[in-house]
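upload_30.txt (compact mmCIF, C-alpha atoms)
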# COMPACT_ATOMS: atom_id res chain seq x y z
CA VAL A 1 -5.76 -16.69 -7.19
CA LYS A 2 -5.02 -17.99 -3.70
CA TYR A 3 -7.50 -15.60 -2.05
CA GLU A 4 -9.76 -15.17 -5.10
CA ASN A 5 -8.47 -11.60 -5.52
CA THR A 6 -10.39 -10.55 -2.41
CA SER A 7 -8.66 -8.66 0.43
CA ILE A 8 -5.42 -10.35 -0.58
CA LEU A 9 -3.10 -8.63 1.89
CA GLU A 10 -5.56 -8.95 4.77
CA ASN A 11 -6.20 -12.62 4.08
CA MET A 12 -2.45 -13.24 4.02
CA HIS A 13 -2.03 -11.47 7.36
CA LEU A 14 -4.85 -13.55 8.82
CA ALA A 15 -3.41 -16.82 7.53
CA VAL A 16 0.06 -16.06 8.91
CA GLY A 17 -1.35 -14.90 12.26
CA LEU A 18 -3.52 -17.99 12.71
CA SER A 19 -0.61 -20.24 11.79
CA LEU A 20 1.72 -18.56 14.31
CA LEU A 21 -0.83 -18.61 17.14
CA PHE A 22 -2.80 -21.79 16.52
CA GLY A 23 -1.23 -23.75 13.66
CA GLU A 24 1.99 -25.06 12.21
CA GLY A 25 4.00 -21.95 13.07
CA ILE A 26 3.28 -21.94 16.77
CA GLN A 27 6.20 -21.91 19.23
CA ASP A 28 6.17 -22.31 23.02
CA GLU A 29 7.78 -18.89 23.51
CA TRP A 30 4.72 -17.06 22.14
CA ASP A 31 1.94 -19.55 22.84
CA ILE A 32 -0.18 -17.02 24.75
CA PHE A 33 -3.27 -19.21 24.51
CA ASP A 34 -1.74 -22.20 26.22
CA GLY A 35 -4.23 -23.54 28.74
CA TRP A 36 -7.25 -21.90 27.13
CA ILE A 37 -10.29 -24.10 26.52
CA ASN A 38 -11.05 -24.88 22.89
CA ASP A 39 -14.26 -22.82 22.75
CA ASP A 40 -12.38 -19.69 23.80
CA LYS A 41 -9.66 -20.33 21.23
CA VAL A 42 -12.29 -20.66 18.53
CA ARG A 43 -13.82 -17.33 19.59
CA VAL A 44 -10.41 -15.64 19.47
CA GLN A 45 -9.93 -16.93 15.93
CA GLU A 46 -13.33 -15.57 14.96
CA ILE A 47 -12.46 -12.15 16.39
CA MET A 48 -9.13 -12.18 14.56
CA LYS A 49 -10.82 -13.05 11.28
CA GLU A 50 -13.55 -10.45 11.59
CA SER A 51 -11.19 -7.68 12.72
CA ILE A 52 -8.30 -8.29 10.32
CA LEU A 53 -10.48 -8.62 7.23
CA LYS A 54 -12.26 -5.38 8.17
CA THR A 55 -8.94 -3.51 7.87
CA ASP A 56 -9.43 -3.71 4.09
CA ILE A 57 -10.15 -0.08 3.24
CA SER A 58 -12.98 -1.17 0.94
CA HIS A 59 -14.96 -2.14 4.06
CA GLN A 60 -14.60 1.23 5.80
CA SER A 61 -18.02 2.66 4.91
CA GLU A 62 -19.73 -0.53 6.02
CA LEU A 63 -17.67 -0.70 9.22
CA LEU A 64 -18.39 2.90 10.26
CA GLY A 65 -22.03 2.77 9.25
CA ASP A 66 -22.71 -0.47 11.11
CA LEU A 67 -21.00 0.81 14.26
CA GLU A 68 -22.85 4.13 14.24
CA LEU A 69 -26.15 2.25 13.92
CA LEU A 70 -25.22 -0.15 16.71
CA ILE A 71 -24.27 2.70 19.07
CA GLU A 72 -27.63 4.33 18.37
CA GLN A 73 -29.42 1.04 19.07
CA VAL A 74 -27.56 0.54 22.36
CA HIS A 75 -28.46 4.08 23.44
CA THR A 76 -32.12 3.47 22.57
CA VAL A 77 -32.41 0.14 24.39
CA ALA A 78 -30.39 1.44 27.37
CA LYS A 79 -32.71 4.44 27.66
CA GLU A 80 -35.73 2.13 27.60
CA ASN A 81 -34.11 0.16 30.42
CA ASN A 82 -33.23 3.30 32.43
CA ARG A 83 -29.50 2.82 31.88
CA TYR A 84 -28.75 5.87 29.76
CA ASN A 85 -28.98 9.53 30.70
CA ALA A 86 -29.05 11.53 27.46
CA GLU A 87 -28.83 14.82 29.36
CA ILE A 88 -25.23 14.15 30.41
CA ASP A 89 -24.34 12.33 27.16
CA GLU A 90 -23.08 9.27 29.01
CA PRO A 91 -20.15 7.62 27.18
CA ILE A 92 -21.02 4.37 25.46
CA LEU A 93 -18.21 2.62 27.35
CA SER A 94 -19.97 3.45 30.62
CA ILE A 95 -23.11 1.74 29.35
CA LEU A 96 -21.09 -1.31 28.32
CA ALA A 97 -19.32 -1.51 31.68
CA GLN A 98 -22.54 -1.17 33.66
CA THR A 99 -24.37 -3.69 31.50
CA PHE A 100 -21.68 -6.38 31.71
CA HIS A 101 -21.24 -5.79 35.42
CA GLU A 102 -24.90 -6.42 36.05
CA ALA A 103 -25.42 -9.08 33.37
CA LYS A 104 -26.95 -12.17 34.91
CA SER A 105 -29.52 -13.13 32.30
CA VAL A 106 -31.70 -16.11 33.06
CA GLU A 107 -34.65 -17.58 31.20
CA GLY A 108 -37.75 -15.49 31.69
CA GLU A 109 -35.88 -12.33 32.66
CA ASP A 110 -36.89 -8.95 31.29
CA LEU A 111 -36.52 -8.99 27.49
CA THR A 112 -35.30 -5.39 27.32
CA LYS A 113 -32.36 -6.23 29.55
CA THR A 114 -31.54 -9.33 27.50
CA GLU A 115 -31.72 -7.29 24.28
CA LEU A 116 -29.37 -4.68 25.76
CA GLU A 117 -26.81 -7.32 26.68
CA GLY A 118 -27.00 -8.76 23.18
CA LYS A 119 -26.51 -5.36 21.56
CA CYS A 120 -23.62 -4.60 23.92
CA ASN A 121 -21.92 -7.87 22.95
CA GLN A 122 -22.25 -6.95 19.28
CA LEU A 123 -20.92 -3.48 20.00
CA VAL A 124 -17.80 -4.80 21.74
CA GLY A 125 -16.92 -6.79 18.62
CA SER A 126 -17.51 -3.81 16.35
CA ILE A 127 -15.39 -1.53 18.55
CA ALA A 128 -12.54 -4.06 18.37
CA GLU A 129 -12.79 -3.98 14.57
CA LEU A 130 -12.76 -0.17 14.57
CA ILE A 131 -9.71 0.00 16.86
CA LEU A 132 -7.72 -2.37 14.65
CA HIS A 133 -8.78 -0.49 11.52
CA GLY A 134 -7.74 2.75 13.21
CA ALA A 135 -4.36 1.28 14.13
CA ASP A 136 -3.89 0.20 10.52
CA ILE A 137 -4.28 3.78 9.25
CA SER A 138 -2.91 5.49 12.34
CA ASN A 139 -0.05 7.54 10.90
CA PRO A 140 -2.09 10.76 10.58
CA ALA A 141 -3.21 10.30 14.18
CA LYS A 142 0.34 10.81 15.42
CA THR A 143 1.94 14.14 16.23
CA GLU A 144 2.67 16.36 13.24
CA VAL A 145 6.42 15.71 12.95
CA ILE A 146 5.97 11.93 13.00
CA ALA A 147 2.95 11.99 10.68
CA LEU A 148 4.72 14.10 8.08
CA ASN A 149 7.90 12.04 8.20
CA TRP A 150 6.17 8.69 7.77
CA GLY A 151 3.70 10.07 5.26
CA ARG A 152 6.61 10.96 2.99
CA ARG A 153 8.25 7.59 3.59
CA CYS A 154 5.07 5.78 2.59
CA PHE A 155 5.01 7.61 -0.72
CA ASP A 156 8.70 6.93 -1.31
CA GLU A 157 7.77 3.25 -1.12
CA PHE A 158 4.70 3.72 -3.33
CA PHE A 159 6.74 5.48 -6.00
CA GLU A 160 9.45 2.82 -5.95
CA GLN A 161 6.72 0.25 -6.53
CA GLY A 162 5.35 2.32 -9.40
CA ASP A 163 8.81 2.61 -10.96
CA LYS A 164 9.19 -1.17 -10.80
CA GLU A 165 5.75 -1.77 -12.29
CA LYS A 166 6.55 0.63 -15.14
CA GLU A 167 9.88 -1.11 -15.72
CA MET A 168 8.10 -4.49 -15.94
CA GLY A 169 5.43 -3.19 -18.31
CA LEU A 170 2.67 -3.58 -15.73
CA PRO A 171 -0.15 -1.11 -15.00
CA ILE A 172 0.97 1.33 -12.33
CA SER A 173 -1.01 0.88 -9.11
CA PRO A 174 -3.05 3.75 -7.66
CA LEU A 175 -0.94 6.37 -5.81
CA CYS A 176 2.27 4.84 -7.17
CA ASP A 177 2.93 7.01 -10.23
CA ARG A 178 5.47 9.66 -9.24
CA GLY A 179 4.73 11.55 -12.43
CA THR A 180 1.08 12.21 -11.65
CA VAL A 181 0.49 11.81 -7.92
CA LYS A 182 0.65 15.02 -5.88
CA LEU A 183 1.67 14.22 -2.31
CA PRO A 184 -0.06 17.12 -0.51
CA GLU A 185 -3.41 16.54 -2.23
CA SER A 186 -3.19 12.80 -1.67
CA GLN A 187 -2.45 13.25 2.03
CA VAL A 188 -5.26 15.76 2.54
CA ASN A 189 -7.78 13.48 0.83
CA PHE A 190 -6.65 10.41 2.77
CA ILE A 191 -6.86 12.15 6.13
CA LYS A 192 -10.15 13.96 5.43
CA TYR A 193 -12.07 11.07 3.90
CA VAL A 194 -10.48 7.97 5.42
CA ALA A 195 -8.54 8.56 8.63
CA LEU A 196 -10.49 11.45 10.16
CA PRO A 197 -13.99 9.85 9.94
CA THR A 198 -12.55 6.73 11.56
CA TYR A 199 -11.03 8.61 14.48
CA GLU A 200 -14.01 10.91 14.92
CA LEU A 201 -16.20 7.84 15.40
CA LEU A 202 -13.60 6.25 17.66
CA GLY A 203 -13.56 9.52 19.61
CA SER A 204 -17.28 9.18 20.24
CA VAL A 205 -16.51 5.84 21.90
CA ILE A 206 -13.25 6.80 23.64
CA PRO A 207 -13.37 10.50 24.67
CA ARG A 208 -9.57 10.82 24.95
CA VAL A 209 -9.26 10.07 21.24
CA LYS A 210 -11.49 13.04 20.45
CA LYS A 211 -9.54 15.28 22.82
CA GLU A 212 -5.96 14.18 22.15
CA VAL A 213 -5.81 12.49 18.74
CA VAL A 214 -8.26 14.20 16.39
CA PRO A 215 -6.53 17.60 16.83
CA ASN A 216 -3.31 16.04 15.52
CA MET A 217 -5.09 15.29 12.26
CA SER A 218 -6.39 18.83 11.95
CA ARG A 219 -2.87 20.22 12.29
CA THR A 220 -1.49 17.76 9.72
CA ILE A 221 -4.28 18.60 7.26
CA GLU A 222 -3.47 22.29 7.72
CA TYR A 223 0.19 21.63 6.89
CA TRP A 224 -0.54 19.67 3.71
CA GLU A 225 -3.12 22.25 2.61
CA GLY A 226 -0.37 24.84 2.82
CA GLU A 227 1.91 22.67 0.67
CA LYS A 228 -0.57 22.44 -2.21
CA ASN A 229 0.53 25.70 -3.84

Show how you would write the structure in this file as structure tokens.
Amino acid sequence: VKYENTSILENMHLAVGLSLLFGEGIQDEWDIFDGWINDDKVRVQEIMKESILKTDISHQSELLGDLELLIEQVHTVAKENNRYNAEIDEPILSILAQTFHEAKSVEGEDLTKTELEGKCNQLVGSIAELILHGADISNPAKTEVIALNWGRRCFDEFFEQGDKEKEMGLPISPLCDRGTVKLPESQVNFIKYVALPTYELLGSVIPRVKKEVVPNMSRTIEYWEGEKN
């Protein structure tokens, strides 16, 4: 009721975070925004809201689709403005760094350059949302031993919740019924269709993610596939 049954957990996290950093719960020991001007504080709150609410898994398709489109748009406008070399597949972060370094837009300046700066600003916000979403579902991105350990622990918690719901006569939540949920299949599906697409896109933005993190997921998928039988 409090959050109109929409992104309940995420809205609660946002409310608590805003209270601790800007509201009634703030303390001097963690007031990291002390001395900031009000406009900057307002922008931080906007970024927090946009990023935290996008961690709701129901927004993943929209989040990934919007970011992929924005990256394509930045590449297109950068190429038009001679700031992108497709032959060497220049990382998108290089385009962002170069654009912000040179950004000195004034009225009457070239519209292509102004459009590029606008698209880059949008892209920075979308990348921040993707990074936080990735952190929220990051267990499969860890090394195999850690990912397997915490994957099992998560389902221990899920099953305890399902037991309690059953005891109280409530409908058992998805993934929480120990009598029907198969851990290996559930883990494979989560990594393949939720975590891996997120980190593959993040890897296109941050090359080290593609090189160092995505392979962890492949190894963990291989393990759980072997546990299916």

If you count only C-alpha atoms, which residues fall within 9 Å of Phe155 in chain A, apart from same-chain ones fewer than 4 positions away, as a PDB file with C-alpha atoms, keeping the file's coordinate frame?
ATOM      1  CA  TRP A 150       6.170   8.690   7.770  1.00  0.00           C
ATOM      2  CA  GLY A 151       3.700  10.070   5.260  1.00  0.00           C
ATOM      3  CA  PHE A 159       6.740   5.480  -6.000  1.00  0.00           C
ATOM      4  CA  GLU A 160       9.450   2.820  -5.950  1.00  0.00           C
ATOM      5  CA  LEU A 175      -0.940   6.370  -5.810  1.00  0.00           C
ATOM      6  CA  CYS A 176       2.270   4.840  -7.170  1.00  0.00           C
ATOM      7  CA  ARG A 178       5.470   9.660  -9.240  1.00  0.00           C
ATOM      8  CA  LEU A 183       1.670  14.220  -2.310  1.00  0.00           C
TER       9      LEU A 183
END

| message | as number ranges by chain, please: the residues near range 17-32 of chain A (cut-off 9 Å, all atoms listed in the file, same-chain neighbours under 3 positions excluded). | response | A: 12-14, 35-36, 41, 45, 48-49

Wanna dump the range 139-197 of chain A-range 203-220 of chain A contacts at 9 Å for me, each residue with its shortest atom pair and the distance in Å to one decimal, counting all atoms listed in the file, ordered by chain and number, as a Markdown table?
| residue | atom | partner | partner_atom | distance |
| --- | --- | --- | --- | --- |
| A:Pro140 | CA | A:Met217 | CA | 5.7 |
| A:Ala141 | CA | A:Met217 | CA | 5.7 |
| A:Lys142 | CA | A:Asn216 | CA | 6.4 |
| A:Thr143 | CA | A:Asn216 | CA | 5.6 |
| A:Glu144 | CA | A:Thr220 | CA | 5.6 |
| A:Val145 | CA | A:Thr220 | CA | 8.8 |
| A:Ala147 | CA | A:Thr220 | CA | 7.3 |
| A:Leu148 | CA | A:Thr220 | CA | 7.4 |
| A:Gln187 | CA | A:Thr220 | CA | 9.0 |
| A:Val188 | CA | A:Thr220 | CA | 8.4 |
| A:Ile191 | CA | A:Met217 | CA | 7.1 |
| A:Lys192 | CA | A:Met217 | CA | 8.6 |
| A:Ala195 | CA | A:Met217 | CA | 8.4 |
| A:Leu196 | CA | A:Met217 | CA | 7.0 |

| said: Measuring between only C-alpha atoms, which one of A:Met168, A:Ile57, A:Val181, A:Ile37 shows the shortest distance to Ile8 in chain A? | reply: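 With only C-alpha atoms as the atom set, the closest residue is A:Ile57.
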
| request: To one decimal in Å, tell me the separation between CA of Ile92 in chain A and CA of Val77 in chain A. | output: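 So the answer is 12.2 Å.
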
| task | Work out how far CA of Ile127 in chain A is from CA of Leu202 in chain A, in Å to one decimal. | result |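 Separating CA of Leu202 in chain A from CA of Ile127 in chain A is a distance of 8.0 Å.
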
| message | What's around Gln60 in chain A at 12 Å? Count all atoms listed in the file, leave out sequence neighbours fewer than 5 positions away in its own chain, and write the answer as an MDAnalysis selection string. | response | chainID A and resid 51 53:55 65:67 129:130 132:134 136:137 193:199 201

| field | Between CA of Lys119 in chain A and CA of Glu80 in chain A, distance in Å (one decimal) | value |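 Separation between CA of Lys119 in chain A and CA of Glu80 in chain A: 13.3 Å.
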
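Using only C-alpha atoms, the smallest distance between any of A:Leu123, A:Leu63, A:Val42, A:Ile52 and Glu10 in chain A comes from A:Ile52.
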
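Distances here use all atoms listed in the file; by that measure, the residue among A:Asn121, A:Asn82, A:Ser186, A:Asn11 closest to Glu225 in chain A is A:Ser186.
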
| task | Compile the contact shell of Pro171 in chain A as a VMD selection string: residues with an atom at most 9 Å away, counting all atoms listed in the file, same-chain residues fewer than 5 positions apart removed. | result | chain A and resid 162 165 to 166

| Which residue, A:Arg153, A:His75, A:Lys164, A:Lys228, has the smallest gap to Pro184 in chain A when you use all atoms listed in the file? |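 The closest residue to Pro184 in chain A is A:Lys228.
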